[in-house]
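Text of model_32.txt (compact mmCIF, N, CA and C atoms) as supplied:
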# COMPACT_ATOMS: atom_id res chain seq x y z
N GLN A 1 7.98 15.96 -7.06
CA GLN A 1 9.03 14.96 -7.08
C GLN A 1 9.00 14.17 -5.77
N VAL A 2 8.75 12.89 -5.87
CA VAL A 2 8.71 12.03 -4.68
C VAL A 2 10.11 11.54 -4.39
N GLN A 3 10.54 11.71 -3.16
CA GLN A 3 11.85 11.21 -2.75
C GLN A 3 11.69 10.14 -1.69
N LEU A 4 12.49 9.09 -1.83
CA LEU A 4 12.49 7.99 -0.88
C LEU A 4 13.88 7.84 -0.30
N VAL A 5 13.97 7.71 1.00
CA VAL A 5 15.26 7.52 1.66
C VAL A 5 15.17 6.28 2.53
N GLU A 6 15.99 5.30 2.21
CA GLU A 6 15.99 4.05 2.94
C GLU A 6 17.09 4.04 4.01
N SER A 7 16.85 3.29 5.05
CA SER A 7 17.85 3.12 6.10
C SER A 7 17.59 1.80 6.82
N GLY A 8 18.59 1.38 7.60
CA GLY A 8 18.41 0.22 8.45
C GLY A 8 19.10 -1.05 8.02
N GLY A 9 19.71 -1.06 6.86
CA GLY A 9 20.42 -2.25 6.43
C GLY A 9 21.69 -2.44 7.23
N GLY A 10 22.34 -3.59 7.01
CA GLY A 10 23.59 -3.85 7.70
C GLY A 10 23.93 -5.31 7.70
N LEU A 11 24.88 -5.64 8.57
CA LEU A 11 25.37 -7.02 8.71
C LEU A 11 24.83 -7.60 10.01
N VAL A 12 24.27 -8.79 9.92
CA VAL A 12 23.70 -9.43 11.11
C VAL A 12 23.94 -10.92 11.02
N GLN A 13 24.04 -11.57 12.16
CA GLN A 13 24.20 -13.01 12.17
C GLN A 13 22.86 -13.70 11.93
N ALA A 14 22.93 -14.91 11.44
CA ALA A 14 21.72 -15.70 11.23
C ALA A 14 20.94 -15.80 12.54
N GLY A 15 19.62 -15.63 12.43
CA GLY A 15 18.77 -15.63 13.60
C GLY A 15 18.51 -14.25 14.17
N GLY A 16 19.25 -13.28 13.70
CA GLY A 16 19.10 -11.92 14.19
C GLY A 16 17.98 -11.16 13.51
N SER A 17 17.89 -9.88 13.85
CA SER A 17 16.81 -9.04 13.34
C SER A 17 17.36 -7.72 12.81
N LEU A 18 16.65 -7.19 11.85
CA LEU A 18 16.90 -5.85 11.34
C LEU A 18 15.56 -5.19 11.03
N ARG A 19 15.56 -3.88 11.09
CA ARG A 19 14.37 -3.12 10.72
C ARG A 19 14.74 -2.10 9.65
N LEU A 20 14.16 -2.26 8.48
CA LEU A 20 14.38 -1.32 7.39
C LEU A 20 13.30 -0.24 7.43
N SER A 21 13.71 0.96 7.06
CA SER A 21 12.78 2.08 7.00
C SER A 21 12.90 2.79 5.66
N CYS A 22 11.78 3.30 5.21
CA CYS A 22 11.72 4.04 3.94
C CYS A 22 10.92 5.31 4.20
N ALA A 23 11.60 6.42 4.23
CA ALA A 23 10.95 7.70 4.49
C ALA A 23 10.69 8.41 3.17
N THR A 24 9.52 8.98 3.05
CA THR A 24 9.15 9.65 1.82
C THR A 24 8.80 11.11 2.10
N SER A 25 9.02 11.93 1.08
CA SER A 25 8.74 13.35 1.20
C SER A 25 7.26 13.66 1.00
N THR A 26 6.50 12.64 0.60
CA THR A 26 5.07 12.80 0.32
C THR A 26 4.28 12.00 1.34
N SER A 27 3.09 12.48 1.67
CA SER A 27 2.25 11.76 2.62
C SER A 27 2.11 10.30 2.22
N ILE A 28 2.44 9.43 3.17
CA ILE A 28 2.42 8.00 2.88
C ILE A 28 1.01 7.52 2.56
N THR A 29 0.01 8.21 3.06
CA THR A 29 -1.37 7.79 2.82
C THR A 29 -1.82 8.10 1.39
N SER A 30 -0.97 8.80 0.64
CA SER A 30 -1.32 9.12 -0.74
C SER A 30 -1.12 7.93 -1.66
N PHE A 31 -0.28 7.00 -1.27
CA PHE A 31 0.13 5.93 -2.16
C PHE A 31 -0.87 4.77 -2.18
N ASP A 32 -1.00 4.19 -3.35
CA ASP A 32 -1.90 3.05 -3.51
C ASP A 32 -1.33 1.79 -2.89
N ALA A 33 -0.01 1.66 -2.91
CA ALA A 33 0.64 0.49 -2.33
C ALA A 33 2.07 0.84 -1.95
N MET A 34 2.55 0.17 -0.93
CA MET A 34 3.91 0.34 -0.44
C MET A 34 4.52 -1.04 -0.32
N GLY A 35 5.76 -1.18 -0.75
CA GLY A 35 6.33 -2.52 -0.71
C GLY A 35 7.83 -2.52 -0.58
N TRP A 36 8.35 -3.70 -0.37
CA TRP A 36 9.79 -3.94 -0.33
C TRP A 36 10.11 -5.07 -1.30
N TYR A 37 11.15 -4.85 -2.07
CA TYR A 37 11.69 -5.85 -2.98
C TYR A 37 13.13 -6.11 -2.60
N ARG A 38 13.68 -7.19 -3.10
CA ARG A 38 15.09 -7.46 -2.86
C ARG A 38 15.71 -8.10 -4.09
N GLN A 39 17.02 -7.90 -4.20
CA GLN A 39 17.76 -8.49 -5.31
C GLN A 39 19.09 -9.02 -4.80
N ALA A 40 19.24 -10.32 -4.90
CA ALA A 40 20.49 -10.97 -4.52
C ALA A 40 21.39 -11.03 -5.74
N PRO A 41 22.70 -11.15 -5.54
CA PRO A 41 23.63 -11.22 -6.67
C PRO A 41 23.28 -12.33 -7.64
N GLY A 42 23.19 -11.99 -8.90
CA GLY A 42 22.91 -12.98 -9.93
C GLY A 42 21.45 -13.39 -10.03
N LYS A 43 20.59 -12.74 -9.25
CA LYS A 43 19.17 -13.10 -9.27
C LYS A 43 18.32 -11.90 -9.65
N GLN A 44 17.09 -12.20 -10.04
CA GLN A 44 16.16 -11.14 -10.38
C GLN A 44 15.60 -10.49 -9.11
N ARG A 45 15.18 -9.26 -9.27
CA ARG A 45 14.53 -8.58 -8.15
C ARG A 45 13.20 -9.27 -7.87
N GLU A 46 12.92 -9.47 -6.59
CA GLU A 46 11.69 -10.16 -6.22
C GLU A 46 10.95 -9.39 -5.14
N LEU A 47 9.64 -9.58 -5.15
CA LEU A 47 8.80 -8.96 -4.14
C LEU A 47 9.00 -9.64 -2.80
N VAL A 48 9.15 -8.84 -1.75
CA VAL A 48 9.27 -9.38 -0.40
C VAL A 48 7.95 -9.19 0.35
N ALA A 49 7.43 -7.98 0.33
CA ALA A 49 6.20 -7.68 1.06
C ALA A 49 5.56 -6.45 0.46
N VAL A 50 4.23 -6.42 0.54
CA VAL A 50 3.49 -5.27 0.04
C VAL A 50 2.34 -4.96 1.00
N LEU A 51 2.06 -3.67 1.13
CA LEU A 51 0.98 -3.18 1.99
C LEU A 51 0.17 -2.19 1.16
N THR A 52 -1.12 -2.46 1.03
CA THR A 52 -1.96 -1.57 0.23
C THR A 52 -2.50 -0.43 1.10
N ARG A 53 -3.04 0.57 0.44
CA ARG A 53 -3.59 1.70 1.16
C ARG A 53 -4.70 1.23 2.09
N GLY A 54 -5.42 0.21 1.67
CA GLY A 54 -6.52 -0.32 2.47
C GLY A 54 -6.09 -1.17 3.65
N GLY A 55 -4.78 -1.48 3.71
CA GLY A 55 -4.28 -2.24 4.84
C GLY A 55 -4.02 -3.71 4.56
N SER A 56 -4.27 -4.15 3.35
CA SER A 56 -3.98 -5.56 3.02
C SER A 56 -2.49 -5.76 2.85
N THR A 57 -2.03 -6.94 3.24
CA THR A 57 -0.61 -7.27 3.10
C THR A 57 -0.44 -8.56 2.31
N ASN A 58 0.72 -8.67 1.72
CA ASN A 58 1.08 -9.89 1.01
C ASN A 58 2.58 -10.08 1.17
N TYR A 59 2.98 -11.32 1.39
CA TYR A 59 4.38 -11.62 1.62
C TYR A 59 4.85 -12.75 0.71
N ALA A 60 6.12 -12.71 0.37
CA ALA A 60 6.71 -13.85 -0.32
C ALA A 60 6.68 -15.04 0.63
N ASP A 61 6.49 -16.21 0.07
CA ASP A 61 6.41 -17.41 0.91
C ASP A 61 7.66 -17.59 1.77
N SER A 62 8.80 -17.18 1.23
CA SER A 62 10.07 -17.39 1.93
C SER A 62 10.22 -16.53 3.18
N VAL A 63 9.38 -15.49 3.32
CA VAL A 63 9.53 -14.60 4.48
C VAL A 63 8.30 -14.61 5.38
N LYS A 64 7.27 -15.31 5.01
CA LYS A 64 6.05 -15.35 5.82
C LYS A 64 6.35 -15.83 7.23
N GLY A 65 5.80 -15.12 8.19
CA GLY A 65 6.02 -15.48 9.58
C GLY A 65 7.29 -14.91 10.18
N ARG A 66 8.15 -14.33 9.32
CA ARG A 66 9.41 -13.76 9.82
C ARG A 66 9.48 -12.25 9.60
N PHE A 67 8.91 -11.78 8.51
CA PHE A 67 8.97 -10.36 8.15
C PHE A 67 7.60 -9.73 8.34
N THR A 68 7.61 -8.44 8.71
CA THR A 68 6.36 -7.69 8.85
C THR A 68 6.52 -6.31 8.23
N ILE A 69 5.60 -5.97 7.35
CA ILE A 69 5.60 -4.63 6.75
C ILE A 69 4.57 -3.77 7.49
N SER A 70 4.93 -2.51 7.70
CA SER A 70 4.02 -1.60 8.39
C SER A 70 4.28 -0.18 7.92
N ARG A 71 3.40 0.71 8.29
CA ARG A 71 3.57 2.12 7.92
C ARG A 71 3.32 3.00 9.13
N ASP A 72 4.00 4.12 9.13
CA ASP A 72 3.83 5.13 10.16
C ASP A 72 3.38 6.40 9.43
N SER A 73 2.10 6.66 9.47
CA SER A 73 1.56 7.79 8.71
C SER A 73 2.07 9.12 9.24
N ALA A 74 2.29 9.20 10.53
CA ALA A 74 2.76 10.45 11.11
C ALA A 74 4.18 10.79 10.64
N GLU A 75 4.97 9.74 10.41
CA GLU A 75 6.36 9.95 9.98
C GLU A 75 6.54 9.74 8.48
N ASN A 76 5.44 9.41 7.78
CA ASN A 76 5.53 9.14 6.32
C ASN A 76 6.61 8.10 6.03
N THR A 77 6.55 7.01 6.76
CA THR A 77 7.59 6.00 6.69
C THR A 77 6.98 4.61 6.58
N VAL A 78 7.61 3.78 5.77
CA VAL A 78 7.25 2.37 5.67
C VAL A 78 8.39 1.56 6.29
N HIS A 79 8.03 0.58 7.09
CA HIS A 79 9.03 -0.24 7.77
C HIS A 79 8.93 -1.68 7.30
N LEU A 80 10.06 -2.37 7.39
CA LEU A 80 10.08 -3.81 7.19
C LEU A 80 10.85 -4.40 8.37
N GLN A 81 10.12 -5.03 9.28
CA GLN A 81 10.75 -5.71 10.41
C GLN A 81 11.11 -7.12 9.97
N MET A 82 12.39 -7.43 10.08
CA MET A 82 12.88 -8.73 9.63
C MET A 82 13.45 -9.49 10.82
N ASN A 83 12.82 -10.59 11.16
CA ASN A 83 13.26 -11.43 12.27
C ASN A 83 13.71 -12.79 11.76
N SER A 84 14.42 -13.49 12.60
CA SER A 84 14.91 -14.84 12.26
C SER A 84 15.58 -14.85 10.90
N LEU A 85 16.47 -13.91 10.70
CA LEU A 85 17.11 -13.77 9.39
C LEU A 85 17.96 -14.98 9.05
N LYS A 86 17.99 -15.27 7.76
CA LYS A 86 18.75 -16.41 7.24
C LYS A 86 19.78 -15.90 6.23
N PRO A 87 20.84 -16.65 6.01
CA PRO A 87 21.82 -16.23 4.99
C PRO A 87 21.19 -15.98 3.62
N GLU A 88 20.16 -16.74 3.29
CA GLU A 88 19.50 -16.56 2.00
C GLU A 88 18.68 -15.27 1.90
N ASP A 89 18.57 -14.55 3.01
CA ASP A 89 17.93 -13.23 2.97
C ASP A 89 18.89 -12.14 2.53
N THR A 90 20.16 -12.49 2.38
CA THR A 90 21.16 -11.52 1.95
C THR A 90 20.82 -10.97 0.57
N ALA A 91 20.73 -9.65 0.48
CA ALA A 91 20.35 -9.00 -0.78
C ALA A 91 20.37 -7.49 -0.57
N VAL A 92 20.21 -6.78 -1.67
CA VAL A 92 19.92 -5.35 -1.60
C VAL A 92 18.40 -5.21 -1.55
N TYR A 93 17.91 -4.49 -0.57
CA TYR A 93 16.48 -4.32 -0.38
C TYR A 93 16.06 -2.93 -0.87
N TYR A 94 14.99 -2.90 -1.65
CA TYR A 94 14.50 -1.67 -2.24
C TYR A 94 13.08 -1.37 -1.78
N CYS A 95 12.87 -0.14 -1.41
CA CYS A 95 11.54 0.34 -1.10
C CYS A 95 10.84 0.69 -2.41
N ASN A 96 9.55 0.43 -2.47
CA ASN A 96 8.77 0.68 -3.69
C ASN A 96 7.44 1.28 -3.29
N LEU A 97 7.13 2.41 -3.87
CA LEU A 97 5.84 3.06 -3.60
C LEU A 97 5.11 3.26 -4.92
N LYS A 98 3.84 2.95 -4.91
CA LYS A 98 3.04 3.07 -6.13
C LYS A 98 1.94 4.11 -5.94
N LEU A 99 1.94 5.03 -6.86
CA LEU A 99 0.84 5.99 -6.97
C LEU A 99 0.43 5.91 -8.43
N ILE A 100 -0.52 5.00 -8.66
CA ILE A 100 -0.87 4.62 -10.02
C ILE A 100 -1.12 5.85 -10.89
N PRO A 101 -0.48 5.95 -12.08
CA PRO A 101 0.29 4.90 -12.74
C PRO A 101 1.79 4.92 -12.47
N ARG A 102 2.23 5.75 -11.53
CA ARG A 102 3.67 5.88 -11.30
C ARG A 102 4.17 4.93 -10.22
N THR A 103 5.45 4.56 -10.38
CA THR A 103 6.13 3.74 -9.38
C THR A 103 7.42 4.43 -8.99
N TYR A 104 7.72 4.43 -7.69
CA TYR A 104 8.92 5.09 -7.19
C TYR A 104 9.77 4.08 -6.43
N TRP A 105 11.09 4.17 -6.64
CA TRP A 105 12.03 3.24 -6.01
C TRP A 105 13.00 4.00 -5.12
N GLY A 106 13.37 3.33 -4.03
CA GLY A 106 14.44 3.84 -3.20
C GLY A 106 15.78 3.45 -3.80
N GLN A 107 16.85 3.91 -3.16
CA GLN A 107 18.19 3.67 -3.70
C GLN A 107 18.72 2.29 -3.34
N GLY A 108 18.07 1.62 -2.42
CA GLY A 108 18.50 0.29 -2.00
C GLY A 108 19.36 0.34 -0.76
N THR A 109 19.20 -0.68 0.06
CA THR A 109 20.03 -0.81 1.26
C THR A 109 20.46 -2.26 1.39
N GLN A 110 21.74 -2.46 1.67
CA GLN A 110 22.31 -3.81 1.71
C GLN A 110 22.00 -4.49 3.04
N VAL A 111 21.52 -5.71 2.93
CA VAL A 111 21.33 -6.57 4.10
C VAL A 111 22.19 -7.81 3.89
N THR A 112 23.07 -8.07 4.84
CA THR A 112 23.94 -9.23 4.77
C THR A 112 23.76 -10.06 6.03
N VAL A 113 23.44 -11.32 5.85
CA VAL A 113 23.22 -12.23 6.97
C VAL A 113 24.31 -13.28 6.94
N SER A 114 25.10 -13.33 7.99
CA SER A 114 26.20 -14.29 8.06
C SER A 114 25.75 -15.57 8.76
N SER A 115 26.33 -16.67 8.34
CA SER A 115 25.94 -17.97 8.91
C SER A 115 26.77 -18.29 10.13
Whole structure given in structure tokens:
Amino acid sequence: QVQLVESGGGLVQAGGSLRLSCATSTSITSFDAMGWYRQAPGKQRELVAVLTRGGSTNYADSVKGRFTISRDSAENTVHLQMNSLKPEDTAVYYCNLKLIPRTYWGQGTQVTVSS
């Protein structure tokens, strides 16, 4: 049973920074891909950033240059560093880990950016 525990969300002013973390009970190097999604009220869940086992990354256009996804293999943790936050970044952020064919989701952490 893979468990994911997210942390790091909160309230921040526009232009500020937050760092989200997703800790897993399983070796992070086991997963084929690690990612972060977000869902704003009334909107569909969307991909924010993904990091493959091989080290490739992909970001949503709206966060390129501001967000960085990384992993800490020693701590079995995936991070999302979010800088220059905007009010439109307000959403519940979900950690997502893929071990094909399975997908695992975190419980979500709220990020609120005030203008």
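Restricting the calculation to only C-alpha atoms, the smallest distance between Val50 in chain A and any of A:Ser25, A:Gln107, A:Ser70, A:Thr90 is found for A:Ser70.
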From the DSSP assignment of the backbone, select every residue of chain A that is strand (DSSP E), and format the answer as a VMD selection string. chain A and resid 4 to 7 10 to 13 18 to 24 33 to 39 46 to 52 57 to 59 67 to 72 77 to 82 91 to 99 102 to 105 109 to 114
Might you pull out every residue within 10 Å of range 54-58 of chain A, with only C-alpha atoms counted and same-chain residues fewer than 3 positions away left off, and present them as an mmCIF file with N, CA and C atoms, in the coordinates of the input?
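What landed in selection-v9.cif:
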data_model
loop_
_atom_site.group_PDB
_atom_site.id
_atom_site.type_symbol
_atom_site.label_atom_id
_atom_site.label_comp_id
_atom_site.auth_asym_id
_atom_site.auth_seq_id
_atom_site.Cartn_x
_atom_site.Cartn_y
_atom_site.Cartn_z
ATOM 1 N N THR A 29 0.010 8.210 3.060
ATOM 2 C CA THR A 29 -1.370 7.790 2.820
ATOM 3 C C THR A 29 -1.820 8.100 1.390
ATOM 4 N N ASP A 32 -1.000 4.190 -3.350
ATOM 5 C CA ASP A 32 -1.900 3.050 -3.510
ATOM 6 C C ASP A 32 -1.330 1.790 -2.890
ATOM 7 N N ALA A 33 -0.010 1.660 -2.910
ATOM 8 C CA ALA A 33 0.640 0.490 -2.330
ATOM 9 C C ALA A 33 2.070 0.840 -1.950
ATOM 10 N N MET A 34 2.550 0.170 -0.930
ATOM 11 C CA MET A 34 3.910 0.340 -0.440
ATOM 12 C C MET A 34 4.520 -1.040 -0.320
ATOM 13 N N GLY A 35 5.760 -1.180 -0.750
ATOM 14 C CA GLY A 35 6.330 -2.520 -0.710
ATOM 15 C C GLY A 35 7.830 -2.520 -0.580
ATOM 16 N N LEU A 47 9.640 -9.580 -5.150
ATOM 17 C CA LEU A 47 8.800 -8.960 -4.140
ATOM 18 C C LEU A 47 9.000 -9.640 -2.800
ATOM 19 N N VAL A 48 9.150 -8.840 -1.750
ATOM 20 C CA VAL A 48 9.270 -9.380 -0.400
ATOM 21 C C VAL A 48 7.950 -9.190 0.350
ATOM 22 N N ALA A 49 7.430 -7.980 0.330
ATOM 23 C CA ALA A 49 6.200 -7.680 1.060
ATOM 24 C C ALA A 49 5.560 -6.450 0.460
ATOM 25 N N VAL A 50 4.230 -6.420 0.540
ATOM 26 C CA VAL A 50 3.490 -5.270 0.040
ATOM 27 C C VAL A 50 2.340 -4.960 1.000
ATOM 28 N N LEU A 51 2.060 -3.670 1.130
ATOM 29 C CA LEU A 51 0.980 -3.180 1.990
ATOM 30 C C LEU A 51 0.170 -2.190 1.160
ATOM 31 N N ASP A 61 6.490 -16.210 0.070
ATOM 32 C CA ASP A 61 6.410 -17.410 0.910
ATOM 33 C C ASP A 61 7.660 -17.590 1.770
ATOM 34 N N LYS A 64 7.270 -15.310 5.010
ATOM 35 C CA LYS A 64 6.050 -15.350 5.820
ATOM 36 C C LYS A 64 6.350 -15.830 7.230
ATOM 37 N N THR A 68 7.610 -8.440 8.710
ATOM 38 C CA THR A 68 6.360 -7.690 8.850
ATOM 39 C C THR A 68 6.520 -6.310 8.230
ATOM 40 N N ILE A 69 5.600 -5.970 7.350
ATOM 41 C CA ILE A 69 5.600 -4.630 6.750
ATOM 42 C C ILE A 69 4.570 -3.770 7.490
ATOM 43 N N SER A 70 4.930 -2.510 7.700
ATOM 44 C CA SER A 70 4.020 -1.600 8.390
ATOM 45 C C SER A 70 4.280 -0.180 7.920
ATOM 46 N N ARG A 71 3.400 0.710 8.290
ATOM 47 C CA ARG A 71 3.570 2.120 7.920
ATOM 48 C C ARG A 71 3.320 3.000 9.130
#
From the list A:Ile100, A:Ala40, A:Leu11, A:Ala74, which residue is nearest Thr26 in chain A when using only C-alpha atoms? A:Ala74
Which residue gives the smallest distance to Val111 in chain A among A:Ser30, A:Gly65, A:Glu6, A:Val92, with only C-alpha atoms counted? A:Val92
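For the pair CA of Leu18 in chain A and CA of Thr77 in chain A, the separation is 15.8 Å.
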